[in-house]
$ cat query25.cif   # mmCIF, C-alpha atoms
data_structure
loop_
_atom_site.group_PDB
_atom_site.id
_atom_site.type_symbol
_atom_site.label_atom_id
_atom_site.label_comp_id
_atom_site.auth_asym_id
_atom_site.auth_seq_id
_atom_site.Cartn_x
_atom_site.Cartn_y
_atom_site.Cartn_z
ATOM 1 C CA MET A 1 108.844 116.148 111.099
ATOM 2 C CA ILE A 2 112.554 115.733 111.895
ATOM 3 C CA GLU A 3 115.275 118.072 110.724
ATOM 4 C CA MET A 4 118.983 118.184 111.490
ATOM 5 C CA LYS A 5 121.131 121.151 110.496
ATOM 6 C CA ASN A 6 124.936 120.839 110.731
ATOM 7 C CA VAL A 7 124.648 118.553 113.752
ATOM 8 C CA CYS A 8 127.763 117.396 115.578
ATOM 9 C CA PHE A 9 127.969 115.255 118.682
ATOM 10 C CA THR A 10 131.053 114.801 120.834
ATOM 11 C CA TYR A 11 131.359 112.104 123.495
ATOM 12 C CA GLN A 12 134.264 112.151 125.955
ATOM 13 C CA GLN A 13 136.159 114.602 123.737
ATOM 14 C CA GLU A 14 135.804 112.298 120.725
ATOM 15 C CA SER A 15 133.665 113.340 117.783
ATOM 16 C CA THR A 16 130.893 110.791 117.133
ATOM 17 C CA LEU A 17 128.810 112.691 114.553
ATOM 18 C CA LYS A 18 130.182 115.266 112.153
ATOM 19 C CA ASN A 19 128.129 117.946 110.430
ATOM 20 C CA ILE A 20 124.959 115.920 109.774
ATOM 21 C CA SER A 21 122.104 117.557 107.853
ATOM 22 C CA PHE A 22 118.855 116.058 106.536
ATOM 23 C CA HIS A 23 115.070 116.377 106.706
ATOM 24 C CA ILE A 24 112.556 113.552 107.230
ATOM 25 C CA GLY A 25 108.974 114.326 106.284
ATOM 26 C CA LYS A 26 105.680 113.024 107.646
ATOM 27 C CA GLY A 27 104.901 109.420 106.759
ATOM 28 C CA GLU A 28 108.357 108.452 105.531
ATOM 29 C CA PHE A 29 109.997 105.083 106.298
ATOM 30 C CA VAL A 30 113.734 105.693 106.606
ATOM 31 C CA ALA A 31 116.535 103.249 107.440
ATOM 32 C CA LEU A 32 119.859 104.241 108.997
ATOM 33 C CA ILE A 33 122.592 101.859 107.877
ATOM 34 C CA GLY A 34 126.348 101.553 108.415
ATOM 35 C CA SER A 35 128.905 99.488 110.286
ATOM 36 C CA ASN A 36 129.163 99.252 114.082
ATOM 37 C CA GLY A 37 130.395 102.569 115.456
ATOM 38 C CA ALA A 38 129.148 104.556 112.465
ATOM 39 C CA GLY A 39 126.939 106.707 114.716
ATOM 40 C CA LYS A 40 123.512 105.249 113.938
ATOM 41 C CA SER A 41 122.325 104.737 117.521
ATOM 42 C CA THR A 42 123.720 108.109 118.560
ATOM 43 C CA LEU A 43 121.848 109.762 115.706
ATOM 44 C CA SER A 44 118.599 108.029 116.678
ATOM 45 C CA LYS A 45 118.930 109.169 120.301
ATOM 46 C CA LEU A 46 119.447 112.751 119.148
ATOM 47 C CA MET A 47 116.066 112.528 117.431
ATOM 48 C CA ASN A 48 114.099 112.027 120.646
ATOM 49 C CA GLY A 49 116.139 114.251 122.922
ATOM 50 C CA LEU A 50 117.888 111.495 124.904
ATOM 51 C CA LEU A 51 121.062 113.132 123.621
ATOM 52 C CA LYS A 52 121.557 116.809 122.810
ATOM 53 C CA PRO A 53 123.754 117.967 119.902
ATOM 54 C CA SER A 54 127.145 119.451 120.738
ATOM 55 C CA SER A 55 126.508 121.901 117.904
ATOM 56 C CA GLY A 56 123.896 122.370 115.218
ATOM 57 C CA ILE A 57 120.117 122.124 115.523
ATOM 58 C CA VAL A 58 117.757 119.148 115.851
ATOM 59 C CA THR A 59 114.038 119.874 115.509
ATOM 60 C CA VAL A 60 111.197 117.380 115.975
ATOM 61 C CA SER A 61 107.713 118.503 114.890
ATOM 62 C CA GLY A 62 109.040 122.059 115.023
ATOM 63 C CA MET A 63 110.491 121.725 118.534
ATOM 64 C CA ASP A 64 114.187 122.358 119.191
ATOM 65 C CA THR A 65 115.386 119.339 121.201
ATOM 66 C CA LYS A 66 117.905 121.492 123.086
ATOM 67 C CA LYS A 67 115.098 123.668 124.418
ATOM 68 C CA THR A 68 112.394 121.024 124.848
ATOM 69 C CA LYS A 69 112.089 118.528 127.687
ATOM 70 C CA SER A 70 112.328 114.844 126.766
ATOM 71 C CA SER A 71 108.945 114.309 128.444
ATOM 72 C CA VAL A 72 107.359 116.748 125.978
ATOM 73 C CA LEU A 73 109.116 115.171 122.983
ATOM 74 C CA ALA A 74 107.946 111.745 124.163
ATOM 75 C CA LYS A 75 104.360 112.736 123.363
ATOM 76 C CA HIS A 76 105.357 113.003 119.700
ATOM 77 C CA ILE A 77 108.107 110.445 119.226
ATOM 78 C CA GLY A 78 108.316 106.830 120.409
ATOM 79 C CA PHE A 79 111.636 105.013 120.809
ATOM 80 C CA LEU A 80 112.245 101.262 120.747
ATOM 81 C CA PHE A 81 115.590 100.199 122.213
ATOM 82 C CA GLN A 82 117.628 97.387 120.690
ATOM 83 C CA ASN A 83 117.428 95.502 123.989
ATOM 84 C CA PRO A 84 113.827 95.294 125.289
ATOM 85 C CA ASP A 85 115.085 94.644 128.834
ATOM 86 C CA ARG A 86 116.201 98.278 128.947
ATOM 87 C CA GLN A 87 112.567 99.355 128.600
ATOM 88 C CA ILE A 88 110.559 96.779 130.525
ATOM 89 C CA CYS A 89 110.076 97.679 134.197
ATOM 90 C CA LYS A 90 106.688 96.392 135.414
ATOM 91 C CA ASN A 91 105.511 93.049 136.792
ATOM 92 C CA THR A 92 102.773 92.178 134.299
ATOM 93 C CA VAL A 93 102.249 92.683 130.577
ATOM 94 C CA ALA A 94 99.177 94.871 131.151
ATOM 95 C CA GLU A 95 101.010 97.066 133.675
ATOM 96 C CA GLU A 96 103.930 97.464 131.271
ATOM 97 C CA ILE A 97 101.704 98.693 128.446
ATOM 98 C CA ARG A 98 99.805 100.986 130.823
ATOM 99 C CA PHE A 99 102.952 102.521 132.345
ATOM 100 C CA GLY A 100 103.806 104.819 129.437
ATOM 101 C CA LEU A 101 100.182 105.758 128.849
ATOM 102 C CA ASP A 102 99.799 106.890 132.458
ATOM 103 C CA GLN A 103 102.574 109.439 131.849
ATOM 104 C CA ILE A 104 100.896 111.155 128.906
ATOM 105 C CA LEU A 105 97.122 110.608 129.259
ATOM 106 C CA GLN A 106 94.581 111.546 131.926
ATOM 107 C CA ASP A 107 91.549 109.677 130.573
ATOM 108 C CA LYS A 108 91.492 106.316 132.410
ATOM 109 C CA VAL A 109 88.902 104.873 130.028
ATOM 110 C CA LEU A 110 91.044 105.737 126.992
ATOM 111 C CA ILE A 111 94.118 104.279 128.680
ATOM 112 C CA GLN A 112 92.315 100.992 129.325
ATOM 113 C CA GLN A 113 91.024 100.881 125.747
ATOM 114 C CA ARG A 114 94.536 101.238 124.389
ATOM 115 C CA VAL A 115 95.892 98.594 126.773
ATOM 116 C CA ASP A 116 93.153 96.198 125.722
ATOM 117 C CA LYS A 117 93.818 96.875 122.037
ATOM 118 C CA MET A 118 97.541 96.118 122.343
ATOM 119 C CA ILE A 119 96.821 92.918 124.280
ATOM 120 C CA ALA A 120 94.374 91.819 121.576
ATOM 121 C CA ASP A 121 96.573 92.847 118.621
ATOM 122 C CA PHE A 122 99.672 91.094 119.975
ATOM 123 C CA ARG A 123 97.737 88.235 121.610
ATOM 124 C CA PHE A 124 99.377 88.770 124.989
ATOM 125 C CA ASP A 125 98.423 87.220 128.308
ATOM 126 C CA PRO A 126 97.811 90.430 130.306
ATOM 127 C CA SER A 127 98.813 88.814 133.621
ATOM 128 C CA ALA A 128 102.060 87.268 132.325
ATOM 129 C CA ASN A 129 105.395 88.238 133.885
ATOM 130 C CA PRO A 130 107.309 90.161 131.180
ATOM 131 C CA PHE A 131 110.646 88.753 132.351
ATOM 132 C CA ALA A 132 109.369 85.199 131.857
ATOM 133 C CA LEU A 133 108.647 85.863 128.180
ATOM 134 C CA SER A 134 110.971 84.852 125.357
ATOM 135 C CA ARG A 135 113.348 87.395 123.811
ATOM 136 C CA GLY A 136 111.021 87.857 120.844
ATOM 137 C CA GLU A 137 107.957 88.235 123.060
ATOM 138 C CA ARG A 138 109.725 90.859 125.193
ATOM 139 C CA GLN A 139 110.609 92.776 122.030
ATOM 140 C CA GLN A 140 106.962 92.646 120.979
ATOM 141 C CA LEU A 141 105.897 93.897 124.425
ATOM 142 C CA ALA A 142 108.355 96.786 124.263
ATOM 143 C CA LEU A 143 107.017 97.707 120.818
ATOM 144 C CA ALA A 144 103.396 97.451 121.997
ATOM 145 C CA SER A 145 104.158 99.738 124.942
ATOM 146 C CA VAL A 146 105.607 102.329 122.560
ATOM 147 C CA ILE A 147 102.918 102.263 119.883
ATOM 148 C CA ALA A 148 100.092 102.280 122.466
ATOM 149 C CA ALA A 149 100.914 105.969 122.911
ATOM 150 C CA GLU A 150 100.236 106.499 119.188
ATOM 151 C CA PRO A 151 103.340 108.622 118.519
ATOM 152 C CA GLU A 152 103.609 110.617 115.299
ATOM 153 C CA ILE A 153 107.188 109.382 114.896
ATOM 154 C CA LEU A 154 108.602 105.960 115.702
ATOM 155 C CA VAL A 155 112.366 105.456 116.091
ATOM 156 C CA LEU A 156 113.542 101.846 116.152
ATOM 157 C CA ASP A 157 117.050 100.799 117.168
ATOM 158 C CA GLU A 158 117.639 97.339 115.636
ATOM 159 C CA PRO A 159 114.040 96.122 116.125
ATOM 160 C CA THR A 160 114.697 92.629 114.687
ATOM 161 C CA THR A 161 117.922 91.724 116.523
ATOM 162 C CA GLY A 162 117.712 88.279 118.126
ATOM 163 C CA LEU A 163 114.377 87.410 116.513
ATOM 164 C CA ASP A 164 113.576 84.394 114.361
ATOM 165 C CA PHE A 165 111.946 84.805 110.949
ATOM 166 C CA GLY A 166 108.383 84.539 112.279
ATOM 167 C CA GLU A 167 108.946 87.041 115.087
ATOM 168 C CA CYS A 168 110.711 89.421 112.696
ATOM 169 C CA SER A 169 107.856 89.223 110.195
ATOM 170 C CA LYS A 170 105.271 89.882 112.909
ATOM 171 C CA ILE A 171 107.037 92.931 114.331
ATOM 172 C CA MET A 172 107.825 94.431 110.927
ATOM 173 C CA GLY A 173 104.238 93.810 109.848
ATOM 174 C CA PHE A 174 102.965 95.931 112.739
ATOM 175 C CA ILE A 175 105.492 98.654 111.952
ATOM 176 C CA GLN A 176 104.613 98.662 108.245
ATOM 177 C CA GLN A 177 100.921 98.952 109.070
ATOM 178 C CA LEU A 178 101.593 101.962 111.300
ATOM 179 C CA ASN A 179 103.636 103.581 108.536
ATOM 180 C CA ARG A 180 100.817 103.059 106.038
ATOM 181 C CA GLN A 181 98.506 104.811 108.505
ATOM 182 C CA GLY A 182 100.797 107.856 108.530
ATOM 183 C CA THR A 183 103.352 107.191 111.284
ATOM 184 C CA THR A 184 106.857 108.350 110.388
ATOM 185 C CA VAL A 185 109.346 105.512 110.923
ATOM 186 C CA ILE A 186 113.125 105.764 111.350
ATOM 187 C CA MET A 187 114.845 102.401 111.723
ATOM 188 C CA VAL A 188 118.442 101.546 112.593
ATOM 189 C CA CYS A 189 119.059 98.160 110.993
ATOM 190 C CA HIS A 190 121.904 95.792 110.088
ATOM 191 C CA ASP A 191 119.668 93.382 108.158
ATOM 192 C CA MET A 192 119.734 94.663 104.586
ATOM 193 C CA GLU A 193 116.980 92.242 103.532
ATOM 194 C CA VAL A 194 114.654 93.898 106.066
ATOM 195 C CA VAL A 195 115.773 97.338 104.886
ATOM 196 C CA LEU A 196 115.037 96.465 101.255
ATOM 197 C CA ASP A 197 111.621 95.000 102.098
ATOM 198 C CA PHE A 198 110.355 97.870 104.252
ATOM 199 C CA ALA A 199 112.341 101.128 104.031
ATOM 200 C CA LYS A 200 111.673 103.574 101.214
ATOM 201 C CA ARG A 201 114.699 105.762 101.931
ATOM 202 C CA ILE A 202 118.179 105.124 103.308
ATOM 203 C CA LEU A 203 120.710 107.280 105.157
ATOM 204 C CA VAL A 204 124.212 105.769 104.965
ATOM 205 C CA LEU A 205 126.583 106.583 107.838
ATOM 206 C CA SER A 206 130.298 105.916 108.190
ATOM 207 C CA GLU A 207 132.586 107.144 110.969
ATOM 208 C CA GLY A 208 130.046 109.752 112.017
ATOM 209 C CA ARG A 209 129.505 111.194 108.552
ATOM 210 C CA LEU A 210 126.482 111.029 106.269
ATOM 211 C CA LEU A 211 127.767 109.431 103.052
ATOM 212 C CA ALA A 212 124.516 109.130 101.125
ATOM 213 C CA ASP A 213 120.790 109.826 101.388
ATOM 214 C CA GLY A 214 118.304 108.536 98.856
ATOM 215 C CA ASP A 215 115.790 106.010 97.569
ATOM 216 C CA THR A 216 116.411 102.507 98.924
ATOM 217 C CA LYS A 217 116.883 100.788 95.569
ATOM 218 C CA GLU A 218 119.135 103.579 94.295
ATOM 219 C CA ILE A 219 121.329 103.477 97.416
ATOM 220 C CA PHE A 220 121.815 99.715 97.058
ATOM 221 C CA ARG A 221 123.264 100.346 93.588
ATOM 222 C CA LEU A 222 126.026 102.583 94.987
ATOM 223 C CA GLU A 223 128.704 99.920 95.413
ATOM 224 C CA ASP A 224 131.507 102.337 96.334
ATOM 225 C CA ILE A 225 129.416 104.052 99.015
ATOM 226 C CA LEU A 226 128.288 100.746 100.522
ATOM 227 C CA LYS A 227 131.837 99.438 100.529
ATOM 228 C CA GLN A 228 133.037 102.589 102.286
ATOM 229 C CA ALA A 229 130.317 102.073 104.903
ATOM 230 C CA SER A 230 131.187 98.342 105.244
ATOM 231 C CA VAL A 231 127.668 97.335 104.176
ATOM 232 C CA LEU A 232 126.818 94.363 101.986
ATOM 233 C CA PRO A 233 123.711 94.938 99.848
ATOM 234 C CA PRO A 234 120.959 92.300 99.883
ATOM 235 C CA GLN A 235 121.395 89.416 97.441
ATOM 236 C CA ILE A 236 118.619 90.545 95.117
ATOM 237 C CA ALA A 237 120.293 93.948 94.734
ATOM 238 C CA GLN A 238 123.642 92.283 94.014
ATOM 239 C CA LEU A 239 121.969 90.114 91.384
#

$ encode --input "query25.cif" --output "structure tokens"
Amino acid sequence: MIEMKNVCFTYQQESTLKNISFHIGKGEFVALIGSNGAGKSTLSKLMNGLLKPSSGIVTVSGMDTKKTKSSVLAKHIGFLFQNPDRQICKNTVAEEIRFGLDQILQDKVLIQQRVDKMIADFRFDPSANPFALSRGERQQLALASVIAAEPEILVLDEPTTGLDFGECSKIMGFIQQLNRQGTTVIMVCHDMEVVLDFAKRILVLSEGRLLADGDTKEIFRLEDILKQASVLPPQIAQL
């Protein structure tokens, strides 16, 4: 589904990612972990074509992101920003969910069916003003708008930031359900408890380099690697 070969990314003459290579297959649930500035968000934006590699190759569902328009990639890969206010742009919840669908679908009946499903699943008020919602509700709306398009791949940049336990559980429950139905999930996350509960594989980044790639439980046993990446394992793993 997603493959990176010797990928480097340079921003303002400063190297952000250095020689990154990995492959993520269909249906995987992968977490990207590391300290602030490790390159996690940059890596996630390379996956959907928002950023292009300075060198190396990024392919998504067989498409080279350097040669493929972001609008084409968007039909295959959905992206949830850390801050939902960077995604929300319409005046009602229903219009917000419909907005992305209008860009990729022609069938008005199908579009309305998907809007109705998201409103029912998330228990939204379709006429509500998105900017009057709570932070957690706006994050749920942003997620609903992304998954309404039924992307093959879902990239999440800190999906639980600023959420309470109930909101976090609800959002991660939806994401887990999608993964069980075959959606490939890549999640940037600082909450190692969430990573342990949901991700099956971890990529560890530090200073733009890929330090480790493996099974979640195995990675959390690598104390030296986690220390190098400034990551504290969840309490159960420490125990």

$ closest_residue --input "query25.cif" --among "A:Glu152, A:Glu137, A:Asp224, A:Asp107" --to "Gly78 (chain A)" --atoms "only C-alpha atoms"
A:Glu152

$ resolve_selection --input "query25.cif" --expression "the PyMOL selection byres ((chain A and resi 66) around 9)" --output "VMD selection string"
chain A and resid 49 51 to 53 57 to 59 63 to 65 67 to 69

$ write_last_selection --input "query25.cif" --atoms "C-alpha atoms" --output "JSON list (two decimals), in the coordinates of the input"
[["chain", "number", "residue", "atom", "x", "y", "z"],
["A", 49, "GLY", "CA", 116.14, 114.25, 122.92],
["A", 51, "LEU", "CA", 121.06, 113.13, 123.62],
["A", 52, "LYS", "CA", 121.56, 116.81, 122.81],
["A", 53, "PRO", "CA", 123.75, 117.97, 119.90],
["A", 57, "ILE", "CA", 120.12, 122.12, 115.52],
["A", 58, "VAL", "CA", 117.76, 119.15, 115.85],
["A", 59, "THR", "CA", 114.04, 119.87, 115.51],
["A", 63, "MET", "CA", 110.49, 121.72, 118.53],
["A", 64, "ASP", "CA", 114.19, 122.36, 119.19],
["A", 65, "THR", "CA", 115.39, 119.34, 121.20],
["A", 67, "LYS", "CA", 115.10, 123.67, 124.42],
["A", 68, "THR", "CA", 112.39, 121.02, 124.85],
["A", 69, "LYS", "CA", 112.09, 118.53, 127.69]]

$ atom_distance --input "query25.cif" --atom1 "CA of Gln113 (chain A)" --atom2 "CA of Leu50 (chain A)"
28.9 Å

$ atom_distance --input "query25.cif" --atom1 "CA of Ile33 (chain A)" --atom2 "CA of Glu218 (chain A)"
14.1 Å

$ closest_residue --input "query25.cif" --among "A:Pro159, A:Gly208, A:Gly56, A:Gly37" --to "Cys189 (chain A)" --atoms "only C-alpha atoms"
A:Pro159

$ atom_distance --input "query25.cif" --atom1 "CA of Lys45 (chain A)" --atom2 "CA of Leu156 (chain A)"
10.0 Å

$ resolve_selection --input "query25.cif" --expression "the PyMOL selection byres ((chain A and resi 141) around 12)" --output "PyMOL selection string"
chain A and resi 80-81+83-85+87-90+92-98+115+118-119+121-126+128-140+142-148+159+167+171

$ write_last_selection --input "query25.cif" --atoms "C-alpha atoms" --output "PDB file, in the frame of the given file"
ATOM      1  CA  LEU A  80     112.245 101.262 120.747  1.00  0.00           C
ATOM      2  CA  PHE A  81     115.590 100.199 122.213  1.00  0.00           C
ATOM      3  CA  ASN A  83     117.428  95.502 123.989  1.00  0.00           C
ATOM      4  CA  PRO A  84     113.827  95.294 125.289  1.00  0.00           C
ATOM      5  CA  ASP A  85     115.085  94.644 128.834  1.00  0.00           C
ATOM      6  CA  GLN A  87     112.567  99.355 128.600  1.00  0.00           C
ATOM      7  CA  ILE A  88     110.559  96.779 130.525  1.00  0.00           C
ATOM      8  CA  CYS A  89     110.076  97.679 134.197  1.00  0.00           C
ATOM      9  CA  LYS A  90     106.688  96.392 135.414  1.00  0.00           C
ATOM     10  CA  THR A  92     102.773  92.178 134.299  1.00  0.00           C
ATOM     11  CA  VAL A  93     102.249  92.683 130.577  1.00  0.00           C
ATOM     12  CA  ALA A  94      99.177  94.871 131.151  1.00  0.00           C
ATOM     13  CA  GLU A  95     101.010  97.066 133.675  1.00  0.00           C
ATOM     14  CA  GLU A  96     103.930  97.464 131.271  1.00  0.00           C
ATOM     15  CA  ILE A  97     101.704  98.693 128.446  1.00  0.00           C
ATOM     16  CA  ARG A  98      99.805 100.986 130.823  1.00  0.00           C
ATOM     17  CA  VAL A 115      95.892  98.594 126.773  1.00  0.00           C
ATOM     18  CA  MET A 118      97.541  96.118 122.343  1.00  0.00           C
ATOM     19  CA  ILE A 119      96.821  92.918 124.280  1.00  0.00           C
ATOM     20  CA  ASP A 121      96.573  92.847 118.621  1.00  0.00           C
ATOM     21  CA  PHE A 122      99.672  91.094 119.975  1.00  0.00           C
ATOM     22  CA  ARG A 123      97.737  88.235 121.610  1.00  0.00           C
ATOM     23  CA  PHE A 124      99.377  88.770 124.989  1.00  0.00           C
ATOM     24  CA  ASP A 125      98.423  87.220 128.308  1.00  0.00           C
ATOM     25  CA  PRO A 126      97.811  90.430 130.306  1.00  0.00           C
ATOM     26  CA  ALA A 128     102.060  87.268 132.325  1.00  0.00           C
ATOM     27  CA  ASN A 129     105.395  88.238 133.885  1.00  0.00           C
ATOM     28  CA  PRO A 130     107.309  90.161 131.180  1.00  0.00           C
ATOM     29  CA  PHE A 131     110.646  88.753 132.351  1.00  0.00           C
ATOM     30  CA  ALA A 132     109.369  85.199 131.857  1.00  0.00           C
ATOM     31  CA  LEU A 133     108.647  85.863 128.180  1.00  0.00           C
ATOM     32  CA  SER A 134     110.971  84.852 125.357  1.00  0.00           C
ATOM     33  CA  ARG A 135     113.348  87.395 123.811  1.00  0.00           C
ATOM     34  CA  GLY A 136     111.021  87.857 120.844  1.00  0.00           C
ATOM     35  CA  GLU A 137     107.957  88.235 123.060  1.00  0.00           C
ATOM     36  CA  ARG A 138     109.725  90.859 125.193  1.00  0.00           C
ATOM     37  CA  GLN A 139     110.609  92.776 122.030  1.00  0.00           C
ATOM     38  CA  GLN A 140     106.962  92.646 120.979  1.00  0.00           C
ATOM     39  CA  ALA A 142     108.355  96.786 124.263  1.00  0.00           C
ATOM     40  CA  LEU A 143     107.017  97.707 120.818  1.00  0.00           C
ATOM     41  CA  ALA A 144     103.396  97.451 121.997  1.00  0.00           C
ATOM     42  CA  SER A 145     104.158  99.738 124.942  1.00  0.00           C
ATOM     43  CA  VAL A 146     105.607 102.329 122.560  1.00  0.00           C
ATOM     44  CA  ILE A 147     102.918 102.263 119.883  1.00  0.00           C
ATOM     45  CA  ALA A 148     100.092 102.280 122.466  1.00  0.00           C
ATOM     46  CA  PRO A 159     114.040  96.122 116.125  1.00  0.00           C
ATOM     47  CA  GLU A 167     108.946  87.041 115.087  1.00  0.00           C
ATOM     48  CA  ILE A 171     107.037  92.931 114.331  1.00  0.00           C
TER      49      ILE A 171
END

$ residues_around --input "query25.cif" --residues "Lys18 (chain A)" --least-positions-apart "4" --cutoff "8 Å" --atoms "only C-alpha atoms" --output "JSON, numbers by chain"
{"A": [6, 7, 8, 9, 208, 209]}

$ decode --input "query25.cif" --residues "region 90-104 of chain A" --atoms "N, CA, C and O atoms" --output "short mmCIF file (atom, residue, chain, number, x, y, z; two decimals), in the first residue's frame"
data_model
loop_
_atom_site.label_atom_id
_atom_site.label_comp_id
_atom_site.auth_asym_id
_atom_site.auth_seq_id
_atom_site.Cartn_x
_atom_site.Cartn_y
_atom_site.Cartn_z
N LYS A 90 -16.81 24.57 6.58
CA LYS A 90 -18.19 24.83 6.20
C LYS A 90 -19.01 25.29 7.41
O LYS A 90 -18.56 25.25 8.55
N ASN A 91 -20.26 25.70 7.14
CA ASN A 91 -21.07 26.34 8.17
C ASN A 91 -21.98 25.40 8.95
O ASN A 91 -22.55 25.79 9.98
N THR A 92 -22.18 24.18 8.45
CA THR A 92 -22.95 23.20 9.20
C THR A 92 -22.22 21.86 9.17
O THR A 92 -21.36 21.62 8.31
N VAL A 93 -22.58 21.00 10.12
CA VAL A 93 -21.98 19.67 10.18
C VAL A 93 -22.24 18.89 8.90
O VAL A 93 -21.33 18.27 8.33
N ALA A 94 -23.46 18.91 8.41
CA ALA A 94 -23.80 18.17 7.19
C ALA A 94 -23.00 18.67 5.99
O ALA A 94 -22.50 17.88 5.18
N GLU A 95 -22.88 20.00 5.87
CA GLU A 95 -22.12 20.57 4.75
C GLU A 95 -20.65 20.19 4.85
O GLU A 95 -19.99 19.95 3.82
N GLU A 96 -20.12 20.12 6.06
CA GLU A 96 -18.72 19.77 6.24
C GLU A 96 -18.45 18.34 5.79
O GLU A 96 -17.46 18.07 5.10
N ILE A 97 -19.33 17.42 6.15
CA ILE A 97 -19.15 16.03 5.74
C ILE A 97 -19.32 15.89 4.23
O ILE A 97 -18.60 15.15 3.58
N ARG A 98 -20.26 16.64 3.67
CA ARG A 98 -20.52 16.56 2.23
C ARG A 98 -19.38 17.16 1.39
O ARG A 98 -19.14 16.70 0.27
N PHE A 99 -18.68 18.14 1.93
CA PHE A 99 -17.70 18.90 1.15
C PHE A 99 -16.68 17.99 0.47
O PHE A 99 -16.44 18.10 -0.74
N GLY A 100 -16.05 17.10 1.23
CA GLY A 100 -15.05 16.22 0.64
C GLY A 100 -15.65 15.24 -0.35
O GLY A 100 -15.04 14.92 -1.38
N LEU A 101 -16.85 14.76 -0.06
CA LEU A 101 -17.51 13.81 -0.95
C LEU A 101 -17.82 14.43 -2.30
O LEU A 101 -17.74 13.76 -3.33
N ASP A 102 -18.20 15.70 -2.29
CA ASP A 102 -18.50 16.39 -3.55
C ASP A 102 -17.29 16.46 -4.47
O ASP A 102 -17.45 16.61 -5.69
N GLN A 103 -16.08 16.37 -3.89
CA GLN A 103 -14.87 16.48 -4.71
C GLN A 103 -14.51 15.17 -5.40
O GLN A 103 -13.78 15.17 -6.39
N ILE A 104 -15.03 14.05 -4.88
CA ILE A 104 -14.59 12.76 -5.42
C ILE A 104 -15.73 11.91 -5.99
O ILE A 104 -15.46 10.93 -6.69
#
